[in-house]
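Peer 1: My structure file work_25.txt, compact mmCIF, C-alpha atoms, is below:
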```
# COMPACT_ATOMS: atom_id res chain seq x y z
CA MET K 1 0.00 0.00 0.00
CA VAL K 2 1.17 3.48 -0.86
CA PRO K 3 1.05 6.04 1.95
CA GLY K 4 -1.99 8.25 1.44
CA ASP K 5 -4.12 5.39 0.12
CA ALA K 6 -6.12 5.44 3.32
CA SER K 7 -7.14 9.10 3.10
CA ASN K 8 -8.12 8.67 -0.54
CA LEU K 9 -10.14 5.59 0.31
CA LEU K 10 -11.87 7.39 3.18
CA THR K 11 -12.75 10.29 0.87
CA GLN K 12 -14.37 7.84 -1.52
CA MET K 13 -16.19 6.01 1.27
CA ARG K 14 -17.51 9.29 2.64
CA ARG K 15 -18.65 10.31 -0.84
CA GLY K 16 -20.36 6.98 -1.33
CA ALA K 17 -22.09 7.03 2.05
CA LEU K 18 -23.21 10.67 1.91
CA PRO K 19 -26.35 10.06 -0.23
CA TYR K 20 -27.52 7.52 2.33
CA CYS K 21 -26.90 9.97 5.16
CA VAL K 22 -29.16 12.41 3.31
CA LEU K 23 -31.81 9.71 2.86
CA ALA K 24 -31.49 8.86 6.56
CA LEU K 25 -32.09 12.50 7.52
CA LEU K 26 -35.41 12.25 5.68
CA ARG K 27 -36.44 8.97 7.30
CA ASP K 28 -38.85 10.50 9.81
CA ARG K 29 -39.78 13.82 8.29
CA GLU K 30 -39.38 16.03 5.25
CA ARG K 31 -36.72 18.72 5.33
CA TYR K 32 -35.64 21.70 3.21
CA GLY K 33 -32.20 22.13 1.69
CA VAL K 34 -30.64 24.52 4.19
CA GLU K 35 -31.85 22.27 7.00
CA ILE K 36 -30.27 19.17 5.42
CA VAL K 37 -27.02 20.99 4.74
CA GLY K 38 -26.91 22.33 8.29
CA LEU K 39 -27.48 18.92 9.87
CA LEU K 40 -24.77 17.31 7.73
CA ALA K 41 -22.26 20.11 8.33
CA ARG K 42 -22.77 19.85 12.06
CA VAL K 43 -21.14 16.42 12.07
CA ASP K 44 -17.39 16.61 11.81
CA GLY K 45 -15.83 15.33 8.59
CA MET K 46 -19.02 14.72 6.60
CA VAL K 47 -19.10 17.74 4.27
CA THR K 48 -16.31 20.07 3.27
CA SER K 49 -18.18 22.29 0.83
CA GLU K 50 -21.88 22.68 1.58
CA GLY K 51 -22.77 23.63 -1.99
CA THR K 52 -22.04 20.08 -3.21
CA ILE K 53 -25.10 18.82 -1.30
CA TYR K 54 -27.42 20.46 -3.84
CA PRO K 55 -26.21 18.49 -6.86
CA LEU K 56 -26.47 15.42 -4.64
CA LEU K 57 -30.10 16.25 -3.82
CA SER K 58 -30.82 16.75 -7.54
CA ARG K 59 -29.36 13.36 -8.28
CA LEU K 60 -31.49 11.69 -5.61
CA ARG K 61 -34.52 13.43 -7.12
CA ARG K 62 -33.69 12.23 -10.63
CA GLN K 63 -33.17 8.72 -9.31
CA GLY K 64 -36.65 8.88 -7.81
CA LEU K 65 -35.40 8.32 -4.27
CA VAL K 66 -36.53 11.74 -3.08
CA GLU K 67 -39.43 14.02 -4.08
CA THR K 68 -39.86 17.70 -3.46
CA THR K 69 -42.70 20.08 -2.61
CA TRP K 70 -42.64 23.84 -2.26
CA ARG K 71 -43.90 25.25 1.02
CA GLU K 72 -44.37 28.85 2.07
CA SER K 73 -42.45 30.03 5.08
CA ALA K 74 -43.33 32.62 7.69
CA ASN K 75 -39.68 33.50 7.66
CA GLY K 76 -38.28 34.47 4.27
CA PRO K 77 -38.71 32.86 0.83
CA PRO K 78 -40.65 29.62 0.17
CA ARG K 79 -38.66 26.42 0.66
CA ARG K 80 -38.28 23.26 -1.34
CA TYR K 81 -39.00 20.35 1.02
CA HIS K 82 -37.52 16.93 0.34
CA ALA K 83 -39.21 13.68 1.32
CA LEU K 84 -38.35 10.01 0.83
CA THR K 85 -40.20 8.08 -1.87
CA GLU K 86 -40.95 4.37 -1.45
CA ASP K 87 -37.85 3.60 -3.55
CA GLY K 88 -35.81 5.92 -1.36
CA ARG K 89 -37.01 4.15 1.75
CA ARG K 90 -36.09 0.76 0.27
CA ALA K 91 -32.64 1.98 -0.81
CA LEU K 92 -32.00 3.35 2.67
CA ALA K 93 -33.12 0.13 4.38
CA ALA K 94 -30.93 -2.02 2.12
CA PHE K 95 -27.91 0.18 2.72
CA ALA K 96 -28.48 0.32 6.48
CA THR K 97 -28.39 -3.48 6.76
CA GLU K 98 -25.26 -3.88 4.64
CA TRP K 99 -23.57 -0.94 6.31
CA THR K 100 -24.04 -2.41 9.77
CA ARG K 101 -22.58 -5.73 8.65
CA PHE K 102 -19.64 -4.01 6.98
CA ARG K 103 -18.98 -1.64 9.86
CA ASP K 104 -19.05 -4.46 12.41
CA GLY K 105 -16.77 -6.57 10.24
CA VAL K 106 -14.15 -3.85 9.83
CA GLU K 107 -14.44 -2.86 13.47
CA HIS K 108 -13.83 -6.47 14.48
CA PHE K 109 -10.37 -6.36 12.87
CA VAL K 110 -9.38 -2.71 12.92
CA GLY K 111 -11.08 -1.42 16.06
CA LYS K 112 -9.01 -0.81 19.17
CA GLU K 113 -11.24 -3.11 21.18
CA ALA K 114 -10.47 -6.06 18.93
CA GLU K 115 -9.13 -9.04 20.82
CA THR K 116 -6.02 -10.69 19.58
CA MET S 117 -24.66 46.54 2.36
CA SER S 118 -23.62 47.06 -1.21
CA THR S 119 -20.38 45.16 -0.58
CA ALA S 120 -22.48 42.34 0.83
CA ASN S 121 -24.59 42.16 -2.34
CA GLU S 122 -21.52 42.41 -4.49
CA LEU S 123 -20.05 39.41 -2.70
CA ILE S 124 -23.14 37.36 -3.52
CA GLU S 125 -23.27 38.56 -7.13
CA ASP S 126 -19.62 37.79 -7.56
CA TYR S 127 -20.05 34.28 -6.17
CA ILE S 128 -23.10 33.57 -8.36
CA SER S 129 -21.34 34.81 -11.49
CA ARG S 130 -18.35 32.57 -10.72
CA LEU S 131 -20.75 29.69 -10.30
CA GLU S 132 -22.49 30.61 -13.57
CA ALA S 133 -19.16 30.63 -15.38
CA ALA S 134 -18.17 27.27 -13.92
CA ALA S 135 -21.59 25.80 -14.71
CA ARG S 136 -21.35 26.59 -18.44
CA ALA S 137 -20.24 23.02 -19.00
CA LEU S 138 -23.54 21.66 -17.62
CA PRO S 139 -26.70 21.04 -19.69
CA ALA S 140 -29.03 24.06 -19.57
CA ASP S 141 -31.66 22.51 -17.28
CA ARG S 142 -29.08 21.29 -14.76
CA ARG S 143 -27.32 24.64 -14.79
CA GLU S 144 -30.54 26.49 -14.07
CA GLU S 145 -31.49 24.05 -11.35
CA LEU S 146 -28.10 24.38 -9.66
CA LEU S 147 -28.06 28.18 -9.82
CA ASN S 148 -31.62 28.34 -8.43
CA GLU S 149 -30.79 26.05 -5.56
CA ILE S 150 -27.60 27.84 -4.56
CA THR S 151 -29.37 31.22 -4.77
CA GLU S 152 -32.19 29.82 -2.62
CA HIS S 153 -29.68 28.47 -0.15
CA ILE S 154 -28.15 31.92 0.26
CA SER S 155 -31.47 33.75 0.62
CA VAL S 156 -32.97 31.17 3.01
CA THR S 157 -29.83 31.14 5.17
CA LEU S 158 -29.82 34.93 5.29
CA ALA S 159 -33.53 35.02 6.17
CA GLU S 160 -32.93 32.61 9.03
CA LYS S 161 -29.97 34.54 10.36
CA GLN S 162 -31.92 37.79 9.99
CA GLU S 163 -28.62 39.49 9.43
CA ARG S 164 -27.02 40.62 6.19
CA GLY S 165 -23.64 41.81 7.37
CA GLU S 166 -20.60 41.35 5.20
CA ALA S 167 -19.05 38.87 7.63
CA THR S 168 -22.21 36.72 7.65
CA ILE S 169 -22.27 36.57 3.88
CA ARG S 170 -18.59 35.76 3.68
CA THR S 171 -19.14 32.84 6.04
CA ILE S 172 -22.12 31.54 4.04
CA LEU S 173 -20.21 31.70 0.75
CA GLU S 174 -17.10 30.16 2.26
CA ARG S 175 -19.11 27.27 3.61
CA LEU S 176 -20.81 26.77 0.24
CA GLY S 177 -17.34 26.16 -1.15
CA ASP S 178 -15.52 26.52 -4.44
CA PRO S 179 -17.97 26.91 -7.39
CA ASP S 180 -15.78 24.60 -9.47
CA GLU S 181 -16.13 21.87 -6.90
CA ILE S 182 -19.92 22.24 -6.79
CA VAL S 183 -20.11 22.05 -10.59
CA ARG S 184 -17.84 19.00 -10.63
CA GLU S 185 -20.26 17.30 -8.27
CA ALA S 186 -23.18 18.34 -10.51
CA SER S 187 -21.50 17.08 -13.66
CA GLY S 188 -21.19 13.61 -12.19
CA HIS S 189 -17.41 13.90 -11.96
CA PRO S 190 -17.06 14.67 -8.30
CA ALA S 191 -13.65 15.86 -7.18
CA ARG S 192 -11.78 12.98 -8.76
CA PRO S 193 -12.48 10.19 -6.33
CA THR S 194 -10.16 7.98 -8.35
CA VAL S 195 -7.07 10.13 -8.06
CA PRO S 196 -4.42 7.79 -6.74
CA ALA S 197 -3.18 8.45 -3.26
CA GLY S 198 0.22 9.89 -4.04
CA ALA S 199 -1.13 12.46 -6.46
CA ALA S 200 -3.89 13.79 -4.23
CA GLY S 201 -2.91 17.18 -2.89
CA ARG S 202 -0.46 17.79 -5.70
CA SER S 203 -1.40 19.90 -8.69
CA LYS S 204 -4.57 18.78 -10.44
CA ALA S 205 -2.72 18.11 -13.66
CA GLY S 206 -0.12 16.21 -11.72
CA ARG S 207 -1.11 12.69 -12.59
CA LEU S 208 -0.42 11.29 -15.98
CA THR S 209 -3.07 9.40 -17.82
CA GLY S 210 -2.24 5.92 -19.04
CA ARG S 211 -1.57 7.24 -22.54
CA LYS S 212 0.90 9.83 -21.30
CA ALA S 213 2.59 7.28 -19.09
CA ALA S 214 3.02 5.06 -22.14
CA LEU S 215 4.52 8.01 -24.00
CA ALA S 216 6.98 8.58 -21.16
CA VAL S 217 7.92 4.91 -21.25
CA LEU S 218 8.54 5.12 -24.99
CA LEU S 219 10.60 8.27 -24.57
CA ALA S 220 12.72 6.79 -21.83
CA THR S 221 13.17 3.62 -23.84
CA LEU S 222 14.37 5.53 -26.87
CA LEU S 223 16.75 7.49 -24.71
CA ALA S 224 18.00 4.34 -23.10
CA LEU S 225 18.68 2.87 -26.56
CA THR S 226 20.80 5.88 -27.51
CA ASN S 227 23.03 4.83 -24.63
CA VAL S 228 25.09 3.21 -27.32
CA VAL S 229 26.02 6.64 -28.67
CA PHE S 230 26.07 8.97 -25.67
CA PRO S 231 25.95 6.56 -22.76
CA LEU S 232 25.90 8.70 -19.63
CA VAL S 233 24.21 11.80 -21.02
CA ALA S 234 21.34 9.78 -22.49
CA TRP S 235 20.90 7.85 -19.28
CA ALA S 236 20.84 11.04 -17.20
CA VAL S 237 18.34 12.76 -19.51
CA GLY S 238 16.14 9.65 -19.64
CA ALA S 239 16.25 9.30 -15.87
CA VAL S 240 15.38 12.95 -15.22
CA LEU S 241 12.52 12.84 -17.74
CA ALA S 242 11.15 9.61 -16.37
CA TRP S 243 11.40 10.96 -12.82
CA ALA S 244 9.60 14.18 -13.72
CA LEU S 245 6.92 12.71 -15.98
CA LEU S 246 5.95 9.55 -14.18
CA ARG S 247 3.77 9.82 -11.10
CA TRP S 248 4.92 6.55 -9.70
CA PRO S 249 6.08 5.68 -6.23
CA ALA S 250 9.81 6.42 -5.88
CA ARG S 251 10.84 2.76 -5.80
CA HIS S 252 9.02 2.10 -9.09
CA LYS S 253 10.74 5.08 -10.68
CA LEU S 254 14.10 3.88 -9.42
CA LEU S 255 13.43 0.45 -10.87
CA ALA S 256 12.46 1.99 -14.22
CA VAL S 257 15.47 4.30 -14.32
CA VAL S 258 17.86 1.42 -13.60
CA VAL S 259 16.10 -1.23 -15.66
CA TRP S 260 15.60 0.79 -18.84
CA PRO S 261 19.24 1.62 -19.52
CA LEU S 262 20.55 -1.71 -18.28
CA GLY S 263 17.94 -3.86 -19.96
CA PHE S 264 17.26 -1.95 -23.15
CA GLY S 265 20.62 -0.21 -23.40
CA LEU S 266 23.04 -3.01 -22.65
CA GLY S 267 20.68 -5.58 -24.15
CA GLY S 268 20.40 -3.55 -27.31
CA TRP S 269 24.15 -3.14 -27.45
CA PHE S 270 24.80 -6.87 -27.18
CA LEU S 271 22.23 -7.53 -29.89
CA GLY S 272 23.39 -4.73 -32.17
CA PRO S 273 26.76 -3.04 -32.53
CA GLY S 274 28.36 -4.92 -29.64
CA ALA S 275 27.70 -8.29 -31.23
CA SER S 276 28.94 -7.42 -34.69
CA GLU S 277 32.01 -5.55 -33.56
CA SER S 278 33.14 -8.20 -31.21
CA ALA S 279 33.94 -10.57 -34.07
CA THR S 280 36.58 -9.90 -36.70
CA CYS S 281 36.67 -11.91 -39.85
CA ASP S 282 39.80 -12.43 -41.90
CA ALA S 283 40.07 -12.59 -45.66
CA GLY S 284 39.50 -16.32 -45.63
CA GLY S 285 36.09 -15.90 -44.03
CA ARG S 286 37.18 -17.34 -40.68
CA CYS S 287 35.87 -15.24 -37.86
CA THR S 288 37.50 -14.87 -34.49
CA ARG S 289 35.83 -13.25 -31.58
CA ASP S 290 37.42 -10.36 -29.73
CA GLY S 291 35.00 -10.48 -26.84
CA ALA S 292 35.31 -12.80 -23.89
CA LEU S 293 31.88 -14.30 -24.52
CA PRO S 294 30.82 -16.43 -27.47
CA ILE S 295 28.42 -14.64 -29.83
CA GLU S 296 25.51 -16.90 -28.84
CA ALA S 297 25.95 -15.96 -25.18
CA GLN S 298 26.05 -12.27 -26.08
CA MET S 299 22.87 -12.55 -28.14
CA GLY S 300 21.26 -14.51 -25.32
CA LEU S 301 22.25 -11.94 -22.72
CA GLY S 302 21.03 -9.11 -24.95
CA LEU S 303 17.69 -10.80 -25.59
CA ALA S 304 17.25 -11.63 -21.90
CA GLY S 305 18.01 -8.02 -20.96
CA VAL S 306 15.51 -6.59 -23.41
CA LEU S 307 12.83 -9.13 -22.46
CA LEU S 308 13.35 -8.57 -18.76
CA ALA S 309 13.22 -4.79 -19.16
CA THR S 310 10.06 -5.09 -21.27
CA ALA S 311 8.41 -7.36 -18.72
CA ILE S 312 9.24 -5.01 -15.85
CA THR S 313 8.03 -2.01 -17.84
CA ILE S 314 4.70 -3.71 -18.61
CA LEU S 315 4.38 -4.63 -14.94
CA LEU S 316 5.08 -1.05 -13.83
CA VAL S 317 2.62 0.48 -16.30
CA HIS S 318 0.01 -2.09 -15.33
CA ARG S 319 0.44 -1.29 -11.63
CA ASP S 320 0.18 2.40 -12.44
CA ARG S 321 -3.10 1.85 -14.27
CA ARG S 322 -4.48 -0.27 -11.48
CA ALA S 323 -3.53 2.32 -8.89
CA ALA S 324 -5.57 4.82 -10.87
```
Represent the structure of the file as structure tokens.
Peer 2:
Amino acid sequence: MVPGDASNLLTQMRRGALPYCVLALLRDRERYGVEIVGLLARVDGMVTSEGTIYPLLSRLRRQGLVETTWRESANGPPRRYHALTEDGRRALAAFATEWTRFRDGVEHFVGKEAET
Amino acid sequence: MSTANELIEDYISRLEAAARALPADRREELLNEITEHISVTLAEKQERGEATIRTILERLGDPDEIVREASGHPARPTVPAGAAGRSKAGRLTGRKAALAVLLATLLALTNVVFPLVAWAVGAVLAWALLRWPARHKLLAVVVWPLGFGLGGWFLGPGASESATCDAGGRCTRDGALPIEAQMGLGLAGVLLATAITILLVHRDRRAA
């Protein structure tokens, strides 16, 4: 392995997992863009440039995993709310199961708690 | 106030310029969404100071990066480890790597004429052009001249010059090695160098 491989791999893993984090944020309720961006940015290491979340949301919309509705706001301009579609819910559930298996597997070997 | 608006306008026009590569509908969608993001965030903060706007725009990030994400080529997730953080044009594509290999090979072959100069130039070029791990570069720089250069010499001028033929057609060899051994060594050198080169290029491709 070449030094630096790990950080590149982690960047790719983060990028790959990010759409599912967005879907997960919509699991229980619909949310508007700024809200989604804010919740993601609050967690360290998830998003470096907030603007890239919008193309990601567009992609999820085109893939039919998310649908949007405009709602008026008492506070400023109307907002585009995002909600999970049935497909989105299925995609999230499938990922969640596999992710848990994968995470536990890696943790078993790499985690500090691992027994020798 | 006017500086604050200028900051936003400037950011949006940079985004517009970067987004020219996108299809019209995607470009419009992206610009709308980023503009909405700015106005909604400002409405929620209920504050339009210059510092607030700077923070919002900074957090949105580089317009180029946003457009890359929108174009489906997000910030080069496949850039190999060593090249990440270097200049964007830093990594050679497979085609360019092949070109560098060819160049270095040709230079190594001219070893016969200007041995040390050609080797030095070939080594420097290979080192500068190839984005390989240092040990791969070292291998290439040593293997090319030794394998291709010496191998080529044994097969070419070295082989013919090492034998002198008299008027009667009887040839005697000047070299210490019989001609067959020289040809064999030459062939082995060239084959080995070729094999190692293919291996190195293959590893480079896979790393990408």
Peer 1: Mind checking which residues fall within 8 Å of Leu92 in chain K, counting all atoms listed in the file, ignoring those fewer than 4 positions away in the same chain, and posting them as an mmCIF file with C-alpha atoms, keeping the file's coordinate frame?
Peer 2:
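In the end it all went to around-v3.cif:
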```
data_model
loop_
_atom_site.group_PDB
_atom_site.id
_atom_site.type_symbol
_atom_site.label_atom_id
_atom_site.label_comp_id
_atom_site.auth_asym_id
_atom_site.auth_seq_id
_atom_site.Cartn_x
_atom_site.Cartn_y
_atom_site.Cartn_z
ATOM 1 C CA TYR K 20 -27.520 7.520 2.330
ATOM 2 C CA LEU K 23 -31.810 9.710 2.860
ATOM 3 C CA ALA K 24 -31.490 8.860 6.560
ATOM 4 C CA GLY K 88 -35.810 5.920 -1.360
ATOM 5 C CA ALA K 96 -28.480 0.320 6.480
#
```
Peer 1: Set out as a Markdown table a contact list for chain S and chain K with a cut-off of 7 Å, giving each residue of chain S that qualifies its closest atom pair and distance in Å to one decimal, counting all atoms listed in the file, ordered by chain and rising residue number.
Peer 2:
```
| residue | atom | partner | partner_atom | distance |
| --- | --- | --- | --- | --- |
| S:Leu146 | CA | K:Pro55 | CA | 6.8 |
| S:Glu149 | CA | K:Tyr54 | CA | 6.8 |
| S:Ile150 | CA | K:Gly51 | CA | 6.9 |
| S:His153 | CA | K:Val34 | CA | 5.9 |
| S:Val156 | CA | K:Pro77 | CA | 6.4 |
| S:Thr157 | CA | K:Val34 | CA | 6.7 |
| S:Ala159 | CA | K:Gly76 | CA | 5.1 |
| S:Glu160 | CA | K:Asn75 | CA | 6.9 |
| S:Arg175 | CA | K:Glu50 | CA | 5.7 |
| S:Leu176 | CA | K:Gly51 | CA | 4.3 |
| S:Gly177 | CA | K:Ser49 | CA | 4.4 |
| S:Ile182 | CA | K:Thr52 | CA | 4.7 |
| S:Glu185 | CA | K:Thr52 | CA | 6.0 |
| S:Ala186 | CA | K:Pro55 | CA | 4.7 |
| S:Pro193 | CA | K:Gln12 | CA | 5.7 |
| S:Ala197 | CA | K:Asp5 | CA | 4.7 |
| S:Gly198 | CA | K:Gly4 | CA | 6.1 |
```
Peer 1: For Ala133 in chain S, please output as an NGL selection string all residues within 10 Å (counting only C-alpha atoms; exclusion window: fewer than 6 positions along the same chain).
Peer 2: :S and (127 or 179-180 or 183)
Peer 1: Draw an axis-aligned box over all listed atoms of range 29-35 of chain K, pad each side with 3 Å, and write its centre and edge lengths in Å, one decimal, as AutoDock Vina command-line options.
Peer 2:
```
--center_x -35.2 --center_y 19.2 --center_z 5.0 --size_x 15.1 --size_y 16.7 --size_z 12.6
```
Peer 1: Which of these, S:Leu271, S:Ala134, S:Ile172, S:Leu245, has the shortest distance to Ser155 in chain S once you count all atoms listed in the file?
Peer 2: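 Checking each of S:Leu271, S:Ala134, S:Ile172, S:Leu245 against Ser155 in chain S, counting all atoms listed in the file, the winner is S:Ile172.
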Peer 1: What separation in Å, quoted to one decimal, exists between CA of His318 in chain S and CA of Leu246 in chain S?
Peer 2: 13.1 Å
Peer 1: Take CA of Arg61 in chain K and CA of Thr85 in chain K and report the distance between them in Å, one decimal.
Peer 2: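 A separation of 9.4 Å between them.
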Peer 1: Go ahead and compute the interatomic distance for CA of Thr69 in chain K and CA of Ile169 in chain S, in Å to one decimal.
Peer 2: 27.0 Å
Peer 1: Find the residues around range 25-31 of chain K up to 8 Å (all atoms listed in the file counted), leave out those fewer than 2 positions away in its own chain, and share them as a PDB file with C-alpha atoms, keeping the file's coordinate frame.
Peer 2:
```pdb
ATOM      1  CA  CYS K  21     -26.900   9.970   5.160  1.00  0.00           C
ATOM      2  CA  VAL K  22     -29.160  12.410   3.310  1.00  0.00           C
ATOM      3  CA  LEU K  23     -31.810   9.710   2.860  1.00  0.00           C
ATOM      4  CA  GLY K  33     -32.200  22.130   1.690  1.00  0.00           C
ATOM      5  CA  GLU K  35     -31.850  22.270   7.000  1.00  0.00           C
ATOM      6  CA  ILE K  36     -30.270  19.170   5.420  1.00  0.00           C
ATOM      7  CA  TYR K  81     -39.000  20.350   1.020  1.00  0.00           C
ATOM      8  CA  HIS K  82     -37.520  16.930   0.340  1.00  0.00           C
ATOM      9  CA  ALA K  83     -39.210  13.680   1.320  1.00  0.00           C
ATOM     10  CA  LEU K  84     -38.350  10.010   0.830  1.00  0.00           C
ATOM     11  CA  ARG K  89     -37.010   4.150   1.750  1.00  0.00           C
TER      12      ARG K  89
END
```
Peer 1: Determine the nearest neighbour of Ile128 in chain S from the options S:Ala311, S:Gly300, S:Glu144, S:Ser187, counting all atoms listed in the file.
Peer 2: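 Of all the options, S:Glu144 lies closest to Ile128 in chain S.
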